[in-house]
Structure formats: C-alpha cells, structure tokens
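K.L.:
So here's target-v2.txt, just compact mmCIF, C-alpha atoms:
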```txt
# COMPACT_ATOMS: atom_id res chain seq x y z
CA MET A 1 82.58 69.85 78.22
CA ASN A 2 86.10 69.84 79.66
CA VAL A 3 87.40 73.11 81.09
CA LEU A 4 90.79 74.52 82.04
CA LEU A 5 90.18 77.09 84.76
CA ASP A 6 92.35 79.46 86.74
CA LEU A 7 90.82 80.48 90.07
CA CYS A 8 91.78 83.33 92.38
CA VAL A 9 89.62 83.81 95.49
CA VAL A 10 90.05 87.06 97.44
CA PRO A 11 88.25 87.19 100.83
CA ILE A 12 87.39 90.77 101.89
CA GLY A 13 86.81 92.03 105.40
CA VAL A 14 89.01 89.51 107.20
CA GLY A 15 92.18 91.53 107.46
CA ILE A 16 95.31 91.43 105.41
CA SER A 17 96.31 87.78 105.65
CA VAL A 18 94.17 85.50 103.53
CA SER A 19 96.28 82.34 103.27
CA LYS A 20 94.11 80.17 105.53
CA TYR A 21 91.15 80.79 103.22
CA ILE A 22 93.22 79.91 100.17
CA ALA A 23 94.39 76.73 101.91
CA ALA A 24 90.74 75.80 102.55
CA CYS A 25 89.98 76.24 98.83
CA GLU A 26 92.95 74.03 97.95
CA ARG A 27 91.54 71.29 100.16
CA ILE A 28 88.10 71.57 98.55
CA ILE A 29 89.53 71.30 95.05
CA ASN A 30 91.70 68.38 96.07
CA GLU A 31 88.85 66.51 97.75
CA ALA A 32 86.75 66.99 94.62
CA GLY A 33 89.29 64.81 92.84
CA LEU A 34 90.10 67.49 90.29
CA LYS A 35 93.55 67.82 88.75
CA HIS A 36 94.96 71.08 90.07
CA GLU A 37 98.14 73.06 90.54
CA MET A 38 98.56 76.12 92.74
CA HIS A 39 100.65 79.07 91.58
CA MET A 40 101.53 82.40 93.10
CA TYR A 41 98.32 84.17 91.99
CA GLY A 42 95.73 81.41 91.74
CA THR A 43 95.11 77.75 91.09
CA ASN A 44 94.91 75.92 87.76
CA ILE A 45 92.08 73.36 87.69
CA GLU A 46 91.13 70.85 85.01
CA GLY A 47 87.95 68.78 84.76
CA GLU A 48 84.37 68.52 83.62
CA TRP A 49 82.57 71.89 83.62
CA ASP A 50 79.99 70.93 86.26
CA ASP A 51 82.54 69.33 88.61
CA VAL A 52 84.88 72.31 88.42
CA MET A 53 82.09 74.84 88.90
CA ALA A 54 80.71 72.87 91.86
CA ALA A 55 84.13 73.14 93.50
CA VAL A 56 84.26 76.90 92.86
CA LYS A 57 80.84 77.31 94.46
CA LYS A 58 81.90 75.24 97.46
CA CYS A 59 84.97 77.48 97.89
CA HIS A 60 82.67 80.50 98.23
CA GLN A 61 80.37 78.69 100.65
CA VAL A 62 83.22 77.50 102.87
CA VAL A 63 85.12 80.79 102.87
CA HIS A 64 81.93 82.56 103.94
CA GLU A 65 81.39 79.93 106.67
CA MET A 66 84.95 80.56 107.87
CA GLY A 67 83.93 84.16 108.52
CA ALA A 68 84.59 86.15 105.38
CA PRO A 69 81.63 88.49 104.87
CA ARG A 70 82.60 89.27 101.27
CA ILE A 71 84.53 87.51 98.51
CA SER A 72 85.78 88.84 95.18
CA THR A 73 86.92 86.05 92.87
CA THR A 74 88.47 86.15 89.42
CA ILE A 75 88.36 83.26 87.00
CA ARG A 76 89.92 82.59 83.61
CA LEU A 77 88.39 79.62 81.87
CA GLY A 78 89.02 77.98 78.56
CA THR A 79 87.08 75.40 76.58
CA ARG A 80 87.84 73.99 73.15
CA VAL A 81 86.05 71.57 70.87
CA ASP A 82 88.73 71.05 68.20
CA LYS A 83 90.76 68.74 70.43
CA THR A 84 91.27 67.66 74.01
CA GLN A 85 93.96 69.71 75.70
CA THR A 86 95.23 69.03 79.20
CA MET A 87 97.05 71.43 81.49
CA GLU A 88 100.29 69.65 80.57
CA ASP A 89 99.64 69.91 76.82
CA LYS A 90 99.14 73.62 77.07
CA LEU A 91 102.40 74.23 78.91
CA LYS A 92 104.34 71.76 76.78
CA SER A 93 103.30 73.53 73.61
CA VAL A 94 104.84 76.82 74.75
CA LYS A 95 107.93 75.20 76.29
CA LYS A 96 108.68 73.32 73.07
CA LYS A 97 108.68 76.59 71.15
CA LEU A 98 110.90 78.18 73.79
CA SER A 99 113.49 75.39 73.74
CA ASN A 100 113.55 75.22 69.94
CA ASN A 101 113.97 78.97 69.83
CA VAL A 102 111.19 79.05 67.29
CA SER A 103 110.06 82.61 66.92
CA ASP A 104 107.93 82.33 63.85
CA MET B 105 73.66 82.58 97.31
CA ASN B 106 73.29 85.74 95.25
CA VAL B 107 76.18 86.67 92.97
CA LEU B 108 77.30 89.79 91.11
CA LEU B 109 79.29 88.62 88.11
CA ASP B 110 81.18 90.31 85.31
CA LEU B 111 81.55 88.15 82.22
CA CYS B 112 83.87 88.58 79.24
CA VAL B 113 83.76 85.83 76.60
CA VAL B 114 86.56 85.81 73.98
CA PRO B 115 86.07 83.38 71.05
CA ILE B 116 89.38 82.27 69.50
CA GLY B 117 89.94 80.98 65.98
CA VAL B 118 87.05 82.83 64.34
CA GLY B 119 88.92 85.85 63.04
CA ILE B 120 89.16 89.33 64.40
CA SER B 121 85.49 90.32 64.71
CA VAL B 122 83.73 88.68 67.62
CA SER B 123 80.64 90.85 68.08
CA LYS B 124 78.12 88.32 66.78
CA TYR B 125 79.26 85.85 69.47
CA ILE B 126 78.94 88.50 72.16
CA ALA B 127 75.46 89.33 70.88
CA ALA B 128 74.51 85.64 71.17
CA CYS B 129 75.68 85.64 74.80
CA GLU B 130 73.61 88.75 75.50
CA ARG B 131 70.53 86.96 74.19
CA ILE B 132 71.22 83.92 76.37
CA ILE B 133 71.60 86.03 79.51
CA ASN B 134 68.48 88.00 78.66
CA GLU B 135 66.38 84.90 77.99
CA ALA B 136 67.55 83.46 81.32
CA GLY B 137 65.67 86.33 82.97
CA LEU B 138 68.79 87.60 84.71
CA LYS B 139 69.35 91.26 85.46
CA HIS B 140 72.25 92.34 83.26
CA GLU B 141 74.01 95.35 81.78
CA MET B 142 76.55 95.26 78.97
CA HIS B 143 79.64 97.49 79.08
CA MET B 144 82.60 97.99 76.82
CA TYR B 145 84.60 95.05 78.14
CA GLY B 146 82.02 92.58 79.44
CA THR B 147 78.57 92.18 80.92
CA ASN B 148 77.43 92.66 84.53
CA ILE B 149 75.02 89.96 85.65
CA GLU B 150 73.09 89.60 88.90
CA GLY B 151 71.22 86.57 90.18
CA GLU B 152 71.24 83.27 92.03
CA TRP B 153 74.60 81.46 91.73
CA ASP B 154 73.19 78.41 89.89
CA ASP B 155 71.11 80.47 87.46
CA VAL B 156 74.00 82.77 86.59
CA MET B 157 76.45 79.89 86.16
CA ALA B 158 73.98 77.98 83.99
CA ALA B 159 73.84 81.02 81.69
CA VAL B 160 77.64 81.22 81.54
CA LYS B 161 77.81 77.53 80.58
CA LYS B 162 75.17 78.01 77.90
CA CYS B 163 77.21 80.90 76.46
CA HIS B 164 80.16 78.54 75.98
CA GLN B 165 77.96 75.82 74.46
CA VAL B 166 76.28 78.19 71.99
CA VAL B 167 79.48 80.01 70.98
CA HIS B 168 81.06 76.64 70.22
CA GLU B 169 77.96 75.60 68.23
CA MET B 170 78.26 78.85 66.25
CA GLY B 171 81.67 77.66 65.10
CA ALA B 172 84.25 78.93 67.60
CA PRO B 173 86.70 76.07 68.23
CA ARG B 174 88.15 77.72 71.33
CA ILE B 175 86.92 80.19 73.96
CA SER B 176 88.85 82.06 76.64
CA THR B 177 86.55 83.67 79.18
CA THR B 178 87.28 85.87 82.17
CA ILE B 179 84.94 86.30 85.09
CA ARG B 180 84.91 88.51 88.18
CA LEU B 181 82.38 87.39 90.72
CA GLY B 182 81.40 88.70 94.10
CA THR B 183 79.33 87.23 96.89
CA ARG B 184 78.58 88.65 100.32
CA VAL B 185 76.72 87.41 103.35
CA ASP B 186 76.66 90.57 105.47
CA LYS B 187 73.90 92.15 103.39
CA THR B 188 72.13 91.95 100.06
CA GLN B 189 73.74 94.22 97.50
CA THR B 190 72.37 94.79 94.02
CA MET B 191 74.23 96.10 90.99
CA GLU B 192 72.58 99.48 91.56
CA ASP B 193 73.57 99.57 95.24
CA LYS B 194 77.19 98.98 94.36
CA LEU B 195 77.35 101.81 91.83
CA LYS B 196 75.29 104.16 93.99
CA SER B 197 77.68 103.72 96.88
CA VAL B 198 80.63 104.97 94.83
CA LYS B 199 78.68 107.71 93.06
CA LYS B 200 77.44 109.12 96.36
CA LYS B 201 81.02 109.46 97.57
CA LEU B 202 82.01 111.10 94.29
CA SER B 203 79.21 113.67 94.37
CA ASN B 204 79.82 114.48 98.02
CA ASN B 205 83.51 114.88 97.27
CA VAL B 206 84.18 112.67 100.26
CA SER B 207 87.77 111.59 100.11
CA ASP B 208 88.19 110.10 103.49
CA MET C 209 99.36 102.46 71.04
CA ASN C 210 95.76 103.04 72.06
CA VAL C 211 94.30 100.77 74.72
CA LEU C 212 90.82 99.87 75.95
CA LEU C 213 91.17 98.83 79.57
CA ASP C 214 88.82 97.56 82.25
CA LEU C 215 90.08 98.20 85.78
CA CYS C 216 88.90 96.68 89.06
CA VAL C 217 90.83 97.72 92.18
CA VAL C 218 90.20 95.69 95.38
CA PRO C 219 91.73 97.13 98.58
CA ILE C 220 92.45 94.45 101.19
CA GLY C 221 92.76 94.92 104.93
CA VAL C 222 90.46 97.95 105.22
CA GLY C 223 87.25 96.21 106.12
CA ILE C 224 84.27 95.33 104.03
CA SER C 225 83.32 98.68 102.52
CA VAL C 226 85.65 99.78 99.76
CA SER C 227 83.63 102.42 97.94
CA LYS C 228 85.66 105.42 99.12
CA TYR C 229 88.78 103.87 97.57
CA ILE C 230 86.95 103.23 94.30
CA ALA C 231 85.73 106.84 94.33
CA ALA C 232 89.33 108.01 94.75
CA CYS C 233 90.35 105.97 91.69
CA GLU C 234 87.50 107.48 89.69
CA ARG C 235 88.81 110.94 90.53
CA ILE C 236 92.34 110.02 89.49
CA ILE C 237 91.18 108.65 86.13
CA ASN C 238 88.98 111.68 85.57
CA GLU C 239 91.73 114.16 86.42
CA ALA C 240 94.05 112.33 84.01
CA GLY C 241 91.70 113.45 81.24
CA LEU C 242 91.02 109.89 80.15
CA LYS C 243 87.70 108.83 78.66
CA HIS C 244 86.13 106.49 81.21
CA GLU C 245 82.87 104.89 82.30
CA MET C 246 82.25 103.17 85.60
CA HIS C 247 80.19 99.97 85.77
CA MET C 248 79.15 97.64 88.56
CA TYR C 249 82.37 95.64 88.62
CA GLY C 250 85.04 98.02 87.33
CA THR C 251 85.77 101.00 85.13
CA ASN C 252 86.27 101.14 81.37
CA ILE C 253 89.13 103.43 80.36
CA GLU C 254 90.31 104.49 76.91
CA GLY C 255 93.55 106.25 75.99
CA GLU C 256 97.21 106.04 75.11
CA TRP C 257 98.92 103.07 76.78
CA ASP C 258 101.33 105.17 78.87
CA ASP C 259 98.66 107.61 80.05
CA VAL C 260 96.27 104.84 81.06
CA MET C 261 98.98 102.85 82.83
CA ALA C 262 100.18 105.96 84.68
CA ALA C 263 96.64 106.41 86.00
CA VAL C 264 96.48 102.77 87.12
CA LYS C 265 99.77 103.19 88.99
CA LYS C 266 98.53 106.37 90.63
CA CYS C 267 95.40 104.51 91.80
CA HIS C 268 97.61 102.01 93.63
CA GLN C 269 99.75 104.76 95.14
CA VAL C 270 96.78 106.79 96.35
CA VAL C 271 94.82 103.81 97.71
CA HIS C 272 97.91 102.80 99.70
CA GLU C 273 98.29 106.39 100.96
CA MET C 274 94.63 106.31 102.05
CA GLY C 275 95.54 103.41 104.33
CA ALA C 276 95.06 100.19 102.40
CA PRO C 277 98.01 97.92 103.23
CA ARG C 278 97.31 95.60 100.32
CA ILE C 279 95.62 95.87 96.92
CA SER C 280 94.59 93.14 94.48
CA THR C 281 93.67 94.57 91.09
CA THR C 282 92.36 92.89 87.96
CA ILE C 283 92.70 94.36 84.49
CA ARG C 284 91.40 93.40 81.07
CA LEU C 285 93.14 95.30 78.29
CA GLY C 286 92.76 95.25 74.56
CA THR C 287 94.89 96.68 71.77
CA ARG C 288 94.43 96.37 68.03
CA VAL C 289 96.42 97.52 65.04
CA ASP C 290 93.96 96.75 62.24
CA LYS C 291 91.82 99.79 63.01
CA THR C 292 91.07 102.35 65.68
CA GLN C 293 88.22 101.25 67.91
CA THR C 294 86.71 103.42 70.62
CA MET C 295 84.66 102.28 73.62
CA GLU C 296 81.53 103.39 71.76
CA ASP C 297 82.46 101.48 68.58
CA LYS C 298 82.87 98.29 70.53
CA LEU C 299 79.47 98.52 72.21
CA LYS C 300 77.75 99.75 69.03
CA SER C 301 78.99 96.73 67.11
CA VAL C 302 77.30 94.29 69.50
CA LYS C 303 74.14 96.38 69.92
CA LYS C 304 73.65 96.59 66.16
CA LYS C 305 73.71 92.80 65.91
CA LEU C 306 71.27 92.55 68.81
CA SER C 307 68.76 94.97 67.32
CA ASN C 308 68.98 93.42 63.85
CA ASN C 309 68.53 90.00 65.40
CA VAL C 310 71.53 88.90 63.35
CA SER C 311 72.70 85.60 64.70
CA ASP C 312 75.08 84.58 61.98
CA MET D 313 106.65 99.92 94.44
CA ASN D 314 107.09 96.17 94.06
CA VAL D 315 104.37 94.24 92.23
CA LEU D 316 103.33 90.62 91.92
CA LEU D 317 101.59 90.26 88.58
CA ASP D 318 99.87 87.44 86.73
CA LEU D 319 99.77 87.97 82.96
CA CYS D 320 97.67 86.19 80.34
CA VAL D 321 98.02 87.45 76.76
CA VAL D 322 95.43 86.23 74.21
CA PRO D 323 96.17 87.08 70.56
CA ILE D 324 93.01 87.31 68.43
CA GLY D 325 92.72 86.86 64.67
CA VAL D 326 95.69 84.52 64.25
CA GLY D 327 93.87 81.21 64.36
CA ILE D 328 93.50 78.73 67.14
CA SER D 329 97.10 78.04 68.10
CA VAL D 330 98.67 80.86 70.06
CA SER D 331 101.66 79.18 71.71
CA LYS D 332 104.33 80.91 69.58
CA TYR D 333 103.03 84.28 70.76
CA ILE D 334 103.09 83.15 74.38
CA ALA D 335 106.65 81.88 73.88
CA ALA D 336 107.63 85.32 72.53
CA CYS D 337 106.21 86.95 75.67
CA GLU D 338 108.16 84.53 77.86
CA ARG D 339 111.37 85.58 76.10
CA ILE D 340 110.58 89.27 76.60
CA ILE D 341 109.92 88.81 80.32
CA ASN D 342 113.05 86.71 80.69
CA GLU D 343 115.24 89.21 78.84
CA ALA D 344 113.88 91.99 81.05
CA GLY D 345 115.56 90.22 83.95
CA LEU D 346 112.31 89.81 85.85
CA LYS D 347 111.66 86.87 88.15
CA HIS D 348 108.90 84.86 86.46
CA GLU D 349 107.19 81.48 86.38
CA MET D 350 104.86 80.24 83.67
CA HIS D 351 101.73 78.25 84.54
CA MET D 352 98.94 76.72 82.53
CA TYR D 353 96.89 79.91 82.24
CA GLY D 354 99.42 82.73 82.48
CA THR D 355 102.75 83.83 83.86
CA ASN D 356 103.62 85.05 87.35
CA ILE D 357 105.99 88.02 87.31
CA GLU D 358 107.67 89.86 90.18
CA GLY D 359 109.52 93.17 90.08
CA GLU D 360 109.40 96.94 90.24
CA TRP D 361 106.11 98.34 88.89
CA ASP D 362 107.70 100.25 85.99
CA ASP D 363 109.92 97.36 84.91
CA VAL D 364 107.06 94.87 84.96
CA MET D 365 104.70 97.20 83.10
CA ALA D 366 107.37 97.96 80.48
CA ALA D 367 107.63 94.21 79.83
CA VAL D 368 103.84 93.90 79.50
CA LYS D 369 103.81 96.75 76.97
CA LYS D 370 106.63 95.16 75.00
CA CYS D 371 104.65 91.89 74.87
CA HIS D 372 101.80 93.73 73.18
CA GLN D 373 104.14 95.50 70.76
CA VAL D 374 105.96 92.30 69.76
CA VAL D 375 102.81 90.16 69.45
CA HIS D 376 101.35 92.81 67.13
CA GLU D 377 104.60 92.89 65.12
CA MET D 378 104.40 89.08 64.81
CA GLY D 379 101.10 89.56 63.01
CA ALA D 380 98.34 89.53 65.61
CA PRO D 381 95.88 92.30 64.69
CA ARG D 382 94.19 92.22 68.08
CA ILE D 383 95.16 91.23 71.62
CA SER D 384 93.00 90.74 74.72
CA THR D 385 95.08 90.50 77.87
CA THR D 386 94.09 89.87 81.47
CA ILE D 387 96.19 90.86 84.44
CA ARG D 388 95.97 90.28 88.17
CA LEU D 389 98.33 92.49 90.12
CA GLY D 390 99.04 92.86 93.78
CA THR D 391 100.93 95.48 95.75
CA ARG D 392 101.37 95.77 99.49
CA VAL D 393 103.04 98.30 101.75
CA ASP D 394 102.88 96.45 105.07
CA LYS D 395 105.77 94.15 104.16
CA THR D 396 107.77 92.85 101.25
CA GLN D 397 106.32 89.64 99.86
CA THR D 398 107.95 87.59 97.12
CA MET D 399 106.30 85.01 94.89
CA GLU D 400 107.83 82.28 97.06
CA ASP D 401 106.57 83.87 100.30
CA LYS D 402 103.04 83.93 98.99
CA LEU D 403 103.02 80.27 98.02
CA LYS D 404 104.89 79.18 101.15
CA SER D 405 102.29 80.83 103.37
CA VAL D 406 99.46 78.73 101.88
CA LYS D 407 101.51 75.52 101.69
CA LYS D 408 102.46 75.79 105.35
CA LYS D 409 98.79 75.96 106.32
CA LEU D 410 98.02 73.01 104.08
CA SER D 411 100.73 70.79 105.52
CA ASN D 412 99.86 71.72 109.10
CA ASN D 413 96.24 70.99 108.35
CA VAL D 414 95.41 74.33 109.92
CA SER D 415 91.88 75.18 109.02
CA ASP D 416 91.22 78.02 111.36
```
Just give me the structure as structure tokens.
P.N.:
Amino acid sequence: MNVLLDLCVVPIGVGISVSKYIAACERIINEAGLKHEMHMYGTNIEGEWDDVMAAVKKCHQVVHEMGAPRISTTIRLGTRVDKTQTMEDKLKSVKKKLSNNVSD
Amino acid sequence: MNVLLDLCVVPIGVGISVSKYIAACERIINEAGLKHEMHMYGTNIEGEWDDVMAAVKKCHQVVHEMGAPRISTTIRLGTRVDKTQTMEDKLKSVKKKLSNNVSD
Amino acid sequence: MNVLLDLCVVPIGVGISVSKYIAACERIINEAGLKHEMHMYGTNIEGEWDDVMAAVKKCHQVVHEMGAPRISTTIRLGTRVDKTQTMEDKLKSVKKKLSNNVSD
Amino acid sequence: MNVLLDLCVVPIGVGISVSKYIAACERIINEAGLKHEMHMYGTNIEGEWDDVMAAVKKCHQVVHEMGAPRISTTIRLGTRVDKTQTMEDKLKSVKKKLSNNVSD
C-alpha cells in the first residue's frame, strides 16, 4: 500500500528553536531512500506504508535521543486503490486546472 | 515507546455519510486490545507504537476493502520520555487546573 | 455557517508542562458560550464560524500573554450544507452502527 | 498578529477527484493578496490572522457553492511573539542546518 504523507514534528521542552530537530528528521527520511519534499510547515513523503512509518518512528526515537523530552507530531496521510498517484501527479492535477482557468 | 494518538479517518468517494467506515475502524481498534475513546472528530488511542500503528494501517486496509477508493487521514501523536503519561493523566492535569481556577 | 471544530493548541518555549495553557483555552471557549467537550488530544467545539474562530484567536492571544513565545496549533474543522449536524448527532451516528453491528 | 498557516481542504460527497475544488481555493488565497505556496498535501499561507482566516472561510463558502455538501479541513497554524518569522525564514533555518551538517 503506497502512501502520501505529510509530517510535522514538534519537539516540546527544548526551547523555542526547533530547527536542528527538523533537520535531523530530514536526514532520516532522506537516508531511508524515500521521496520527500520539505515545505514551510512539514515534509511531504511518498513510499510504501511500512517504509514511511518506520521513518516516522525513527524521527521520534532520534529527536528524543537528541534531548527532547516530549514530541507532538501531526500527520496527514492519503492512500488510494483506484490508481497510483505520485506527489507530482497530485500537484499537477491542481496546477492544470489553475492554468486552464477551469472553475467547473 | 508508548504513544498517545488521535486518529481521524476520512473516506473519499463513498458519498456524504461515512459513519459505517468509522464504526469499522472503532471495531479494529477495539479488537486490537488498545485503550481508546471516540470523540466527535476522531478517536484517542493509547498503546505501544507498533501496536497502535498496526491498527491504523488495518483501518486503511479495511476501509478500502469496504469500497472506499481513497482515504485522507489525520493523526496527532505524542510521545514522551520524561515520564509515563496515560490518556487519563493528560485530561486530569488540565481538569485539576480548571477546578482550582489556577490561571498562572 | 455552522462549524464543528477540533482544536489542539501546543505552546512552545515554556517547558514540558503545558496544561495551564490548555486550561486557559478551555476557559476562553467556555466564556464564549460555545458548546465544547475536551478530550485527551484536543477540544471539540460547535458554533457559528465567526464565533468559533474568534475564540481560537483569543486562545492564541491569551497563551502569548501568559508567556508562551510561540504556539503551534492544529485544527480539524467540518462544515456541511446538506443538513444541520451537531456534535451529538455525529457521535450517535457511529455508535448506532456499532451497537447494531452493522458493517455494511 | 501574523500567522503561518498550512491549509488542507477535503471536499466530501463529490466523488474521488477533488482537484477543481483545491484550484478554487488557490484562486481565493491568491486574490486575497496573501503570500502562499502550494505543496502536495496542502497550502502554506502567510499573513495577518484576520486576513488569512477570512480566506479560509471563503474557501469553505465557495467549495460549498460549487456543490460540495460537506467539507473536512485540517489546519496547522503558528504564531510567535518573540520575533517576526516569514515562510522563507522558517525553511532557511532548517536548510542551513542541513547544509552545515550540524546535528547538535
């Protein structure tokens, strides 16, 4: 089962700057060989369910090891069985409608 | 690693009423032996990371088998290593402050 | 436009215990006269869009005034125009299917 | 109060393809003059709280007018009072740590 996932990890109890923890998560996702793309409020990830979820778990483990006593993460995740849809497909579909000015 | 998770599964492409799919997820979580509590916009679940995530995966598999071609799920999940905190602990902590009218 | 909303406010940069901030939000929502119900990972709120959103904004303002330099909030929100649905309706619909053991 | 918001609108009851509704939301956000950037699972938006929230409300109104009987939206939103942080700042902060290979 392929999944498109959007991950936002928020370490709590380590002060106001959290970017080094987010950078660590980026490295984990990258080393897992998963297709991914960071944005301003999370990271898009694409891959097999088990591979993606293993990377999410490793993010929690590593961020705790780095010293964060508490983590609050939010995830959006989509699966579909009618067709295979990549991250690019999903964006392209909206952008096509925007450029064609199709509103209905 | 213990996790407190809040799960909201949204089946897409099956019309406007989705309660039978949510009921199926409730059964899956219950049969997994996980502590859980449904609310108006999701379900609180408590348990070991792998057990909870296995239940989330099974929800997607079963909802697809029931006929939903597409699913968009949102998850909040919290882990902490400073202490063990149950679902009840978390609520109690806020309720105590409310009843004591402690505002600072 | 009526809205069913699920609010989770996470103050950042105030240490590991955040319950007093959550309690402050509960008071704000309560004083706004909105129907609401706290759960382990957020608070369900029901009301007119503008009233609910005004309460969410006030939560951010007050939590900042209490000393939190940074807040990361997550919201689920549902609207529908086919019928009026309360928090109770939504839960009842799933619970009925669970008790009847209706799986299709 | 400036806000960084991540918006994901999911129309329900209109079948499996939802890209025309997402495109409509993109137009609304664009016409509101808000800085924004679409990604695979939502749209980053930056602006004054009231302006951003007015755009979110208009998205719901327009998507209902286009025929969606039900909408389930998820939002992440961040505010901070210690400094002004733009969408670019937030990304740059993580990317700098990644390129410097700073892990602690």
K.L.:
With all atoms listed in the file as the atoms that count, which of B:Asp155, B:Cys112, B:Val198, B:Gly117 lies nearest to chain C?
P.N.:
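Among B:Asp155, B:Cys112, B:Val198, B:Gly117, it is B:Val198 that comes nearest to chain C.
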K.L.:
Considering all atoms listed in the file, state which residue in the set A:Asn2, A:Thr73, A:Asn100, A:Thr79 is at the smallest distance from Asp50 of chain A.
P.N.:
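For Asp50 of chain A, the nearest of the given residues is A:Asn2.
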K.L.:
Do me a favour and pick out the residues of chain B within 7 Å of chain A, using all atoms listed in the file, as a PyMOL selection string.
P.N.:
chain B and resi 173-186
K.L.:
Calculate how many Å separate atom CA of Leu403 of chain D from atom CA of Cys267 of chain C, rounding to one decimal.
P.N.:
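Between atom CA of Leu403 of chain D and atom CA of Cys267 of chain C the gap works out to 26.2 Å.
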K.L.:
Report, as JSON, the centre and edge lengths in Å (one decimal) of the axis-aligned box enclosing every listed atom of segment 369-374 of chain D, padded by 3 Å on each side.
P.N.:
```
{"center_x": 104.2, "center_y": 94.3, "center_z": 73.4, "size_x": 10.8, "size_y": 10.9, "size_z": 13.2}
```
K.L.:
So what do you get for atom CA of Lys95 of chain A versus atom CA of Thr43 of chain A, distance-wise?
P.N.:
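Between these atoms lies a distance of 19.7 Å.
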K.L.:
Identify, on the basis of all atoms listed in the file, every residue whose closest approach to Met295 of chain C does not exceed 10 Å; exclude the query and any residue fewer than 6 positions from it along the same chain; express the result as an NGL selection string.
P.N.:
(:B and (143-145)) or (:C and (211-213 or 243-245 or 252-254))
K.L.:
May I ask for the distance between atom CA of Glu48 of chain A and atom CA of Ile28 of chain A, given in Å to one decimal place?
P.N.:
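These two atoms are separated by 15.7 Å.
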K.L.:
For Lys20 of chain A, which of A:Thr84, A:Val62, A:Lys96, A:Asp89 is the closest residue, counting all atoms listed in the file?
P.N.:
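Answer, going by the shortest atom-to-atom distance: A:Val62.
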K.L.:
Counting all atoms listed in the file, I want the residues whose atoms come within 9 Å of (103.9, 82.2, 74.4) in the file frame, returned as a PDB file with C-alpha atoms, keeping the file's coordinate frame.
P.N.:
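Resulting contents of out_22.pdb:
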```pdb
ATOM      1  CA  SER A  93     103.300  73.530  73.610  1.00  0.00           C
ATOM      2  CA  VAL A  94     104.840  76.820  74.750  1.00  0.00           C
ATOM      3  CA  LYS A  95     107.930  75.200  76.290  1.00  0.00           C
ATOM      4  CA  LYS A  97     108.680  76.590  71.150  1.00  0.00           C
ATOM      5  CA  LEU A  98     110.900  78.180  73.790  1.00  0.00           C
TER       6      LEU A  98
ATOM      7  CA  VAL D 321      98.020  87.450  76.760  1.00  0.00           C
ATOM      8  CA  VAL D 330      98.670  80.860  70.060  1.00  0.00           C
ATOM      9  CA  SER D 331     101.660  79.180  71.710  1.00  0.00           C
ATOM     10  CA  LYS D 332     104.330  80.910  69.580  1.00  0.00           C
ATOM     11  CA  TYR D 333     103.030  84.280  70.760  1.00  0.00           C
ATOM     12  CA  ILE D 334     103.090  83.150  74.380  1.00  0.00           C
ATOM     13  CA  ALA D 335     106.650  81.880  73.880  1.00  0.00           C
ATOM     14  CA  ALA D 336     107.630  85.320  72.530  1.00  0.00           C
ATOM     15  CA  CYS D 337     106.210  86.950  75.670  1.00  0.00           C
ATOM     16  CA  GLU D 338     108.160  84.530  77.860  1.00  0.00           C
ATOM     17  CA  ARG D 339     111.370  85.580  76.100  1.00  0.00           C
TER      18      ARG D 339
END
```
